[in-house]
$ cat query_33.pdb   # PDB, C-alpha atoms
ATOM      1  CA  MET A   1    -251.270 -99.630 -64.827
ATOM      2  CA  SER A   2    -252.344 -96.073 -64.066
ATOM      3  CA  ILE A   3    -252.294 -95.311 -67.806
ATOM      4  CA  ILE A   4    -255.003 -97.947 -68.401
ATOM      5  CA  ASN A   5    -257.092 -96.654 -65.490
ATOM      6  CA  HIS A   6    -256.735 -93.151 -66.940
ATOM      7  CA  TYR A   7    -258.155 -94.078 -70.349
ATOM      8  CA  PHE A   8    -260.597 -96.694 -69.048
ATOM      9  CA  PRO A   9    -261.873 -95.148 -65.794
ATOM     10  CA  HIS A  10    -264.889 -97.454 -65.473
ATOM     11  CA  LEU A  11    -262.930-100.669 -64.895
ATOM     12  CA  THR A  12    -264.062-102.822 -61.987
ATOM     13  CA  ASN A  13    -261.634-103.631 -59.174
ATOM     14  CA  GLN A  14    -261.382-107.155 -60.570
ATOM     15  CA  GLN A  15    -260.426-105.844 -64.024
ATOM     16  CA  ARG A  16    -257.791-103.530 -62.525
ATOM     17  CA  GLN A  17    -256.366-106.471 -60.634
ATOM     18  CA  GLN A  18    -256.360-108.610 -63.793
ATOM     19  CA  PHE A  19    -254.436-105.967 -65.756
ATOM     20  CA  GLN A  20    -251.912-105.742 -62.918
ATOM     21  CA  GLN A  21    -251.545-109.515 -62.909
ATOM     22  CA  LEU A  22    -251.326-109.658 -66.716
ATOM     23  CA  GLU A  23    -248.312-107.361 -66.578
ATOM     24  CA  SER A  24    -246.587-109.560 -64.029
ATOM     25  CA  GLU A  25    -247.414-112.831 -65.856
ATOM     26  CA  PHE A  26    -246.396-111.343 -69.209
ATOM     27  CA  ARG A  27    -243.028-110.166 -67.852
ATOM     28  CA  GLY A  28    -242.361-113.648 -66.478
ATOM     29  CA  TRP A  29    -243.119-115.335 -69.791
ATOM     30  CA  ASN A  30    -241.241-112.687 -71.738
ATOM     31  CA  GLU A  31    -238.008-113.563 -69.960
ATOM     32  CA  ARG A  32    -238.369-117.112 -71.282
ATOM     33  CA  LEU A  33    -239.901-116.584 -74.714
ATOM     34  CA  ASN A  34    -239.281-113.006 -75.834
ATOM     35  CA  LEU A  35    -242.966-112.330 -76.570
ATOM     36  CA  VAL A  36    -242.138-108.654 -77.136
ATOM     37  CA  ALA A  37    -238.729-106.995 -77.578
ATOM     38  CA  ARG A  38    -236.837-106.997 -74.277
ATOM     39  CA  THR A  39    -236.189-103.281 -74.694
ATOM     40  CA  ASP A  40    -239.961-102.728 -74.759
ATOM     41  CA  VAL A  41    -240.811-104.490 -71.511
ATOM     42  CA  ASP A  42    -240.802-101.246 -69.509
ATOM     43  CA  ASN A  43    -243.494 -99.940 -71.854
ATOM     44  CA  LEU A  44    -245.801-102.968 -71.653
ATOM     45  CA  ALA A  45    -248.818-101.054 -70.341
ATOM     46  CA  GLU A  46    -248.639 -98.270 -72.919
ATOM     47  CA  ARG A  47    -247.255 -99.904 -76.062
ATOM     48  CA  HIS A  48    -248.866-103.303 -75.783
ATOM     49  CA  PHE A  49    -251.889-103.375 -73.445
ATOM     50  CA  LEU A  50    -253.212 -99.852 -74.104
ATOM     51  CA  HIS A  51    -252.431-100.267 -77.818
ATOM     52  CA  SER A  52    -254.479-103.498 -77.843
ATOM     53  CA  LEU A  53    -257.342-101.702 -76.090
ATOM     54  CA  GLY A  54    -257.381 -99.093 -78.866
ATOM     55  CA  ILE A  55    -259.780-101.455 -80.631
ATOM     56  CA  ALA A  56    -262.252-100.896 -77.769
ATOM     57  CA  LYS A  57    -262.198 -97.150 -78.541
ATOM     58  CA  VAL A  58    -263.512 -97.994 -82.013
ATOM     59  CA  VAL A  59    -265.996-100.826 -81.366
ATOM     60  CA  GLU A  60    -267.945-102.131 -78.389
ATOM     61  CA  PHE A  61    -268.154-105.906 -78.751
ATOM     62  CA  ALA A  62    -271.704-107.106 -78.126
ATOM     63  CA  PRO A  63    -272.242-109.327 -75.045
ATOM     64  CA  GLY A  64    -272.389-112.977 -76.128
ATOM     65  CA  SER A  65    -270.508-112.307 -79.360
ATOM     66  CA  SER A  66    -267.310-114.045 -80.505
ATOM     67  CA  VAL A  67    -263.917-112.599 -81.434
ATOM     68  CA  LEU A  68    -261.060-114.285 -83.314
ATOM     69  CA  ASP A  69    -257.546-112.952 -82.600
ATOM     70  CA  VAL A  70    -255.210-114.009 -85.429
ATOM     71  CA  GLY A  71    -251.443-114.240 -84.883
ATOM     72  CA  THR A  72    -251.928-113.435 -81.210
ATOM     73  CA  GLY A  73    -248.273-114.048 -80.292
ATOM     74  CA  GLY A  74    -248.170-113.462 -76.540
ATOM     75  CA  GLY A  75    -251.916-112.834 -76.360
ATOM     76  CA  LEU A  76    -252.174-109.393 -77.945
ATOM     77  CA  PRO A  77    -254.627-107.850 -78.528
ATOM     78  CA  GLY A  78    -256.824-110.726 -77.273
ATOM     79  CA  LEU A  79    -255.973-110.924 -73.553
ATOM     80  CA  PRO A  80    -256.384-107.198 -72.733
ATOM     81  CA  LEU A  81    -259.652-107.145 -74.720
ATOM     82  CA  ALA A  82    -260.886-110.293 -72.939
ATOM     83  CA  ILE A  83    -260.352-108.575 -69.577
ATOM     84  CA  LEU A  84    -262.282-105.540 -70.811
ATOM     85  CA  PHE A  85    -265.157-107.589 -72.301
ATOM     86  CA  PRO A  86    -265.803-110.507 -69.898
ATOM     87  CA  GLU A  87    -269.124-111.350 -71.597
ATOM     88  CA  VAL A  88    -267.513-111.877 -75.002
ATOM     89  CA  LYS A  89    -265.844-115.124 -76.155
ATOM     90  CA  PHE A  90    -262.282-114.803 -77.468
ATOM     91  CA  HIS A  91    -260.451-117.416 -79.557
ATOM     92  CA  LEU A  92    -256.723-116.621 -79.788
ATOM     93  CA  VAL A  93    -254.713-118.430 -82.471
ATOM     94  CA  ASP A  94    -251.061-118.508 -83.452
ATOM     95  CA  SER A  95    -248.917-120.955 -85.422
ATOM     96  CA  ILE A  96    -246.205-121.014 -82.711
ATOM     97  CA  GLY A  97    -247.009-123.598 -80.041
ATOM     98  CA  LYS A  98    -244.838-122.241 -77.222
ATOM     99  CA  LYS A  99    -246.489-118.820 -77.492
ATOM    100  CA  ILE A 100    -249.938-120.414 -77.351
ATOM    101  CA  ARG A 101    -248.911-122.371 -74.234
ATOM    102  CA  ALA A 102    -247.883-119.078 -72.626
ATOM    103  CA  VAL A 103    -251.242-117.534 -73.562
ATOM    104  CA  GLN A 104    -253.145-120.531 -72.164
ATOM    105  CA  ASP A 105    -251.165-120.275 -68.934
ATOM    106  CA  MET A 106    -251.816-116.528 -68.606
ATOM    107  CA  ALA A 107    -255.541-116.909 -69.336
ATOM    108  CA  HIS A 108    -255.732-119.610 -66.643
ATOM    109  CA  ALA A 109    -253.771-117.526 -64.115
ATOM    110  CA  LEU A 110    -256.023-114.512 -64.762
ATOM    111  CA  GLN A 111    -259.149-116.695 -64.498
ATOM    112  CA  LEU A 112    -260.468-115.713 -67.914
ATOM    113  CA  PRO A 113    -263.082-118.374 -68.786
ATOM    114  CA  ASN A 114    -263.969-116.384 -71.934
ATOM    115  CA  VAL A 115    -260.586-117.166 -73.564
ATOM    116  CA  THR A 116    -259.520-120.204 -75.592
ATOM    117  CA  ALA A 117    -256.111-120.361 -77.266
ATOM    118  CA  GLU A 118    -255.090-122.759 -80.021
ATOM    119  CA  GLN A 119    -252.013-123.470 -82.129
ATOM    120  CA  THR A 120    -253.363-123.237 -85.674
ATOM    121  CA  ARG A 121    -253.550-120.947 -88.687
ATOM    122  CA  ALA A 122    -256.613-118.795 -89.322
ATOM    123  CA  GLU A 123    -257.189-120.368 -92.730
ATOM    124  CA  GLN A 124    -257.476-123.837 -91.130
ATOM    125  CA  LEU A 125    -260.264-122.826 -88.754
ATOM    126  CA  ARG A 126    -263.863-123.901 -89.268
ATOM    127  CA  PRO A 127    -265.922-121.861 -86.739
ATOM    128  CA  HIS A 128    -267.396-118.474 -87.628
ATOM    129  CA  TYR A 129    -267.026-115.285 -85.590
ATOM    130  CA  ASP A 130    -268.614-111.869 -85.194
ATOM    131  CA  TYR A 131    -265.306-109.991 -85.104
ATOM    132  CA  VAL A 132    -261.672-110.533 -86.110
ATOM    133  CA  VAL A 133    -258.817-108.625 -84.439
ATOM    134  CA  SER A 134    -255.055-108.618 -84.961
ATOM    135  CA  ARG A 135    -251.880-106.571 -84.569
ATOM    136  CA  ALA A 136    -250.166-106.056 -87.955
ATOM    137  CA  VAL A 137    -249.160-109.621 -88.802
ATOM    138  CA  ALA A 138    -249.240-109.116 -92.603
ATOM    139  CA  SER A 139    -250.321-106.668 -95.292
ATOM    140  CA  LEU A 140    -254.070-106.058 -95.328
ATOM    141  CA  ALA A 141    -254.498-107.784 -98.720
ATOM    142  CA  THR A 142    -252.713-110.944 -97.540
ATOM    143  CA  PHE A 143    -254.306-110.968 -94.111
ATOM    144  CA  TYR A 144    -257.831-110.631 -95.467
ATOM    145  CA  THR A 145    -257.505-113.783 -97.576
ATOM    146  CA  TRP A 146    -256.866-115.735 -94.340
ATOM    147  CA  ILE A 147    -259.994-114.523 -92.556
ATOM    148  CA  GLU A 148    -262.590-113.538 -95.155
ATOM    149  CA  HIS A 149    -264.558-116.796 -94.704
ATOM    150  CA  ARG A 150    -264.409-116.763 -90.904
ATOM    151  CA  TYR A 151    -267.325-114.381 -90.349
ATOM    152  CA  LYS A 152    -270.855-115.261 -89.375
ATOM    153  CA  PRO A 153    -273.322-114.244 -92.106
ATOM    154  CA  ALA A 154    -273.854-110.478 -91.895
ATOM    155  CA  ALA A 155    -277.583-110.981 -91.242
ATOM    156  CA  THR A 156    -276.952-112.952 -88.028
ATOM    157  CA  ALA A 157    -273.682-111.345 -86.867
ATOM    158  CA  ALA A 158    -273.376-108.852 -84.000
ATOM    159  CA  PRO A 159    -273.535-105.091 -84.727
ATOM    160  CA  GLY A 160    -270.263-103.752 -86.150
ATOM    161  CA  SER A 161    -269.160-107.235 -87.225
ATOM    162  CA  GLY A 162    -265.891-107.118 -89.148
ATOM    163  CA  LEU A 163    -262.115-106.788 -88.962
ATOM    164  CA  TYR A 164    -260.400-104.431 -86.498
ATOM    165  CA  TYR A 165    -256.728-104.422 -87.460
ATOM    166  CA  LEU A 166    -254.039-102.516 -85.533
ATOM    167  CA  LYS A 167    -251.531-100.995 -87.983
ATOM    168  CA  GLY A 168    -249.106 -98.078 -88.168
ATOM    169  CA  GLY A 169    -247.875 -95.504 -90.649
ATOM    170  CA  ASP A 170    -249.374 -94.350 -93.950
ATOM    171  CA  LEU A 171    -251.784 -97.053 -95.083
ATOM    172  CA  THR A 172    -253.163 -95.400 -98.240
ATOM    173  CA  GLU A 173    -251.275 -97.622-100.675
ATOM    174  CA  GLU A 174    -251.817-100.797 -98.659
ATOM    175  CA  ILE A 175    -255.587-100.246 -98.544
ATOM    176  CA  GLU A 176    -255.708 -99.434-102.272
ATOM    177  CA  GLU A 177    -253.799-102.637-103.087
ATOM    178  CA  SER A 178    -256.217-104.686-100.987
ATOM    179  CA  GLY A 179    -259.250-103.440-102.927
ATOM    180  CA  LEU A 180    -261.207-103.436 -99.651
ATOM    181  CA  THR A 181    -263.520-100.753 -98.351
ATOM    182  CA  ALA A 182    -261.721 -99.774 -95.182
ATOM    183  CA  ASN A 183    -262.138 -97.034 -92.613
ATOM    184  CA  VAL A 184    -258.976 -95.863 -90.796
ATOM    185  CA  VAL A 185    -259.267 -94.547 -87.245
ATOM    186  CA  ASP A 186    -256.317 -92.658 -85.720
ATOM    187  CA  LEU A 187    -255.521 -93.757 -82.169
ATOM    188  CA  ASN A 188    -254.113 -90.325 -81.360
ATOM    189  CA  ASP A 189    -257.753 -89.169 -81.395
ATOM    190  CA  PHE A 190    -258.076 -91.084 -78.108
ATOM    191  CA  TYR A 191    -254.589 -91.299 -76.615
ATOM    192  CA  ALA A 192    -252.226 -88.362 -75.955
ATOM    193  CA  GLU A 193    -248.928 -90.323 -75.825
ATOM    194  CA  GLU A 194    -246.492 -89.755 -78.694
ATOM    195  CA  PHE A 195    -246.308 -93.503 -79.379
ATOM    196  CA  PHE A 196    -249.859 -93.356 -80.790
ATOM    197  CA  ASP A 197    -249.182 -90.542 -83.288
ATOM    198  CA  THR A 198    -248.806 -93.046 -86.153
ATOM    199  CA  LYS A 199    -250.978 -95.877 -84.774
ATOM    200  CA  LYS A 200    -254.338 -96.706 -86.338
ATOM    201  CA  VAL A 201    -257.187 -99.181 -86.361
ATOM    202  CA  VAL A 202    -258.182-100.321 -89.844
ATOM    203  CA  VAL A 203    -261.858-101.300 -89.916
ATOM    204  CA  VAL A 204    -263.278-103.545 -92.658
ATOM    205  CA  LEU A 205    -266.927-104.270 -91.949
ATOM    206  CA  ASN A 206    -268.482-107.647 -92.639
ATOM    207  CA  ALA A 207    -270.844-106.861 -95.505
TER
END

$ encode --input "query_33.pdb" --output "structure tokens"
Amino acid sequence: MSIINHYFPHLTNQQRQQFQQLESEFRGWNERLNLVARTDVDNLAERHFLHSLGIAKVVEFAPGSSVLDVGTGGGLPGLPLAILFPEVKFHLVDSIGKKIRAVQDMAHALQLPNVTAEQTRAEQLRPHYDYVVSRAVASLATFYTWIEHRYKPAATAAPGSGLYYLKGGDLTEEIEESGLTANVVDLNDFYAEEFFDTKKVVVVLNA
């Protein structure tokens, strides 16, 4: 976990402990469910937890605000972000029940009262949120149709309300096709590891 401490030096002892425990819980579940590729398990901290926390390099979620994590899989990016922002409410959703059960178990083990996890699809949800996060579950155009009505009205939403979408590669065409006004932030502006050379956060603000 030293890589997380390096890039997030102001973590409390409790947060450091939670990240350590998340790695151990995640490895245990991964053996049963294959939450991430088995070959990638040795890179959990860098390629999954630190990658998830890239969103926190781009936006500081306001205390008391709410975040929807769509297609969370094994709890990414939601669980690492929930550790980092204990005063923010996170709702993690996925259509696969066994993955959601793993997420619920991990959130309970880590004592994260700010996390709820539910087996559902984003387009079936009724609540409204300040922020939406996700890790590349579909093209931007497709993904946005699932979540565009899930925001609180811009006038009452937290500062920076919008979508923070972790993607990779050249996104020019994908953004053009979506017709959205998007800002692309390169994660290699914040992280030195080669893995992040092509990794980005696509930001679509809630207008």

$ closest_residue --input "query_33.pdb" --among "A:Arg32, A:Arg16, A:His10, A:Lys152" --to "Ile83 in chain A" --atoms "all atoms listed in the file"
A:Arg16

$ residues_near_point --input "query_33.pdb" --point "(-256.4, -100.6, -87.0)" --cutoff "9 Å" --atoms "only C-alpha atoms" --output "PyMOL selection string"
chain A and resi 54-55+133-136+163-168+183-187+199-203

$ atom_distance --input "query_33.pdb" --atom1 "CA of Ile147 in chain A" --atom2 "CA of Val103 in chain A"
21.1 Å

$ atom_distance --input "query_33.pdb" --atom1 "CA of Glu174 in chain A" --atom2 "CA of Ala82 in chain A"
28.9 Å

$ atom_distance --input "query_33.pdb" --atom1 "CA of Ile96 in chain A" --atom2 "CA of Gly73 in chain A"
7.7 Å

$ decode --input "query_33.pdb" --residues "range 98-125 of chain A" --atoms "N, CA and C atoms" --output "PDB file, in the first residue's frame"
ATOM      1  N   LYS A  98     -23.768 -11.650  -7.382  1.00  0.00           N
ATOM      2  CA  LYS A  98     -22.687 -12.195  -6.548  1.00  0.00           C
ATOM      3  C   LYS A  98     -21.575 -11.165  -6.341  1.00  0.00           C
ATOM      4  N   LYS A  99     -21.385 -10.281  -7.317  1.00  0.00           N
ATOM      5  CA  LYS A  99     -20.386  -9.219  -7.139  1.00  0.00           C
ATOM      6  C   LYS A  99     -20.869  -8.216  -6.091  1.00  0.00           C
ATOM      7  N   ILE A 100     -22.149  -7.894  -6.135  1.00  0.00           N
ATOM      8  CA  ILE A 100     -22.708  -6.959  -5.149  1.00  0.00           C
ATOM      9  C   ILE A 100     -22.623  -7.555  -3.740  1.00  0.00           C
ATOM     10  N   ARG A 101     -22.851  -8.853  -3.606  1.00  0.00           N
ATOM     11  CA  ARG A 101     -22.717  -9.485  -2.282  1.00  0.00           C
ATOM     12  C   ARG A 101     -21.282  -9.376  -1.768  1.00  0.00           C
ATOM     13  N   ALA A 102     -20.321  -9.522  -2.674  1.00  0.00           N
ATOM     14  CA  ALA A 102     -18.912  -9.359  -2.291  1.00  0.00           C
ATOM     15  C   ALA A 102     -18.646  -7.927  -1.832  1.00  0.00           C
ATOM     16  N   VAL A 103     -19.187  -6.963  -2.558  1.00  0.00           N
ATOM     17  CA  VAL A 103     -19.005  -5.547  -2.208  1.00  0.00           C
ATOM     18  C   VAL A 103     -19.637  -5.252  -0.847  1.00  0.00           C
ATOM     19  N   GLN A 104     -20.840  -5.770  -0.624  1.00  0.00           N
ATOM     20  CA  GLN A 104     -21.515  -5.552   0.664  1.00  0.00           C
ATOM     21  C   GLN A 104     -20.682  -6.140   1.803  1.00  0.00           C
ATOM     22  N   ASP A 105     -20.131  -7.314   1.568  1.00  0.00           N
ATOM     23  CA  ASP A 105     -19.309  -7.973   2.582  1.00  0.00           C
ATOM     24  C   ASP A 105     -18.040  -7.162   2.874  1.00  0.00           C
ATOM     25  N   MET A 106     -17.399  -6.668   1.816  1.00  0.00           N
ATOM     26  CA  MET A 106     -16.173  -5.874   2.008  1.00  0.00           C
ATOM     27  C   MET A 106     -16.468  -4.560   2.727  1.00  0.00           C
ATOM     28  N   ALA A 107     -17.554  -3.897   2.342  1.00  0.00           N
ATOM     29  CA  ALA A 107     -17.924  -2.630   2.993  1.00  0.00           C
ATOM     30  C   ALA A 107     -18.188  -2.855   4.478  1.00  0.00           C
ATOM     31  N   HIS A 108     -18.826  -3.975   4.807  1.00  0.00           N
ATOM     32  CA  HIS A 108     -19.111  -4.317   6.207  1.00  0.00           C
ATOM     33  C   HIS A 108     -17.812  -4.609   6.960  1.00  0.00           C
ATOM     34  N   ALA A 109     -16.932  -5.394   6.339  1.00  0.00           N
ATOM     35  CA  ALA A 109     -15.660  -5.753   6.978  1.00  0.00           C
ATOM     36  C   ALA A 109     -14.790  -4.515   7.227  1.00  0.00           C
ATOM     37  N   LEU A 110     -14.856  -3.561   6.304  1.00  0.00           N
ATOM     38  CA  LEU A 110     -14.047  -2.339   6.425  1.00  0.00           C
ATOM     39  C   LEU A 110     -14.722  -1.271   7.290  1.00  0.00           C
ATOM     40  N   GLN A 111     -15.940  -1.588   7.756  1.00  0.00           N
ATOM     41  CA  GLN A 111     -16.721  -0.644   8.567  1.00  0.00           C
ATOM     42  C   GLN A 111     -16.883   0.695   7.832  1.00  0.00           C
ATOM     43  N   LEU A 112     -17.500   0.592   6.655  1.00  0.00           N
ATOM     44  CA  LEU A 112     -17.758   1.789   5.851  1.00  0.00           C
ATOM     45  C   LEU A 112     -19.267   2.080   5.865  1.00  0.00           C
ATOM     46  N   PRO A 113     -19.743   2.833   6.861  1.00  0.00           N
ATOM     47  CA  PRO A 113     -21.178   3.121   6.947  1.00  0.00           C
ATOM     48  C   PRO A 113     -21.662   4.030   5.831  1.00  0.00           C
ATOM     49  N   ASN A 114     -20.729   4.629   5.075  1.00  0.00           N
ATOM     50  CA  ASN A 114     -21.113   5.549   3.987  1.00  0.00           C
ATOM     51  C   ASN A 114     -21.310   4.825   2.653  1.00  0.00           C
ATOM     52  N   VAL A 115     -21.319   3.473   2.687  1.00  0.00           N
ATOM     53  CA  VAL A 115     -21.477   2.697   1.447  1.00  0.00           C
ATOM     54  C   VAL A 115     -22.751   1.860   1.477  1.00  0.00           C
ATOM     55  N   THR A 116     -23.547   1.952   0.404  1.00  0.00           N
ATOM     56  CA  THR A 116     -24.622   0.976   0.172  1.00  0.00           C
ATOM     57  C   THR A 116     -24.360   0.363  -1.193  1.00  0.00           C
ATOM     58  N   ALA A 117     -24.688  -0.924  -1.329  1.00  0.00           N
ATOM     59  CA  ALA A 117     -24.465  -1.616  -2.603  1.00  0.00           C
ATOM     60  C   ALA A 117     -25.736  -2.360  -2.976  1.00  0.00           C
ATOM     61  N   GLU A 118     -26.104  -2.288  -4.257  1.00  0.00           N
ATOM     62  CA  GLU A 118     -27.394  -2.837  -4.680  1.00  0.00           C
ATOM     63  C   GLU A 118     -27.275  -3.482  -6.061  1.00  0.00           C
ATOM     64  N   GLN A 119     -27.942  -4.634  -6.209  1.00  0.00           N
ATOM     65  CA  GLN A 119     -27.996  -5.272  -7.531  1.00  0.00           C
ATOM     66  C   GLN A 119     -29.126  -4.622  -8.325  1.00  0.00           C
ATOM     67  N   THR A 120     -28.749  -3.782  -9.271  1.00  0.00           N
ATOM     68  CA  THR A 120     -29.735  -3.103 -10.122  1.00  0.00           C
ATOM     69  C   THR A 120     -28.990  -2.473 -11.293  1.00  0.00           C
ATOM     70  N   ARG A 121     -29.753  -1.936 -12.223  1.00  0.00           N
ATOM     71  CA  ARG A 121     -29.148  -1.186 -13.337  1.00  0.00           C
ATOM     72  C   ARG A 121     -29.374   0.308 -13.098  1.00  0.00           C
ATOM     73  N   ALA A 122     -28.425   1.109 -13.544  1.00  0.00           N
ATOM     74  CA  ALA A 122     -28.505   2.555 -13.296  1.00  0.00           C
ATOM     75  C   ALA A 122     -29.815   3.150 -13.797  1.00  0.00           C
ATOM     76  N   GLU A 123     -30.290   2.643 -14.948  1.00  0.00           N
ATOM     77  CA  GLU A 123     -31.491   3.238 -15.540  1.00  0.00           C
ATOM     78  C   GLU A 123     -32.762   2.874 -14.768  1.00  0.00           C
ATOM     79  N   GLN A 124     -32.661   1.949 -13.815  1.00  0.00           N
ATOM     80  CA  GLN A 124     -33.834   1.581 -13.002  1.00  0.00           C
ATOM     81  C   GLN A 124     -33.887   2.354 -11.679  1.00  0.00           C
ATOM     82  N   LEU A 125     -32.837   3.099 -11.402  1.00  0.00           N
ATOM     83  CA  LEU A 125     -32.776   3.828 -10.126  1.00  0.00           C
ATOM     84  C   LEU A 125     -33.711   5.030 -10.137  1.00  0.00           C
TER      85      LEU A 125
END
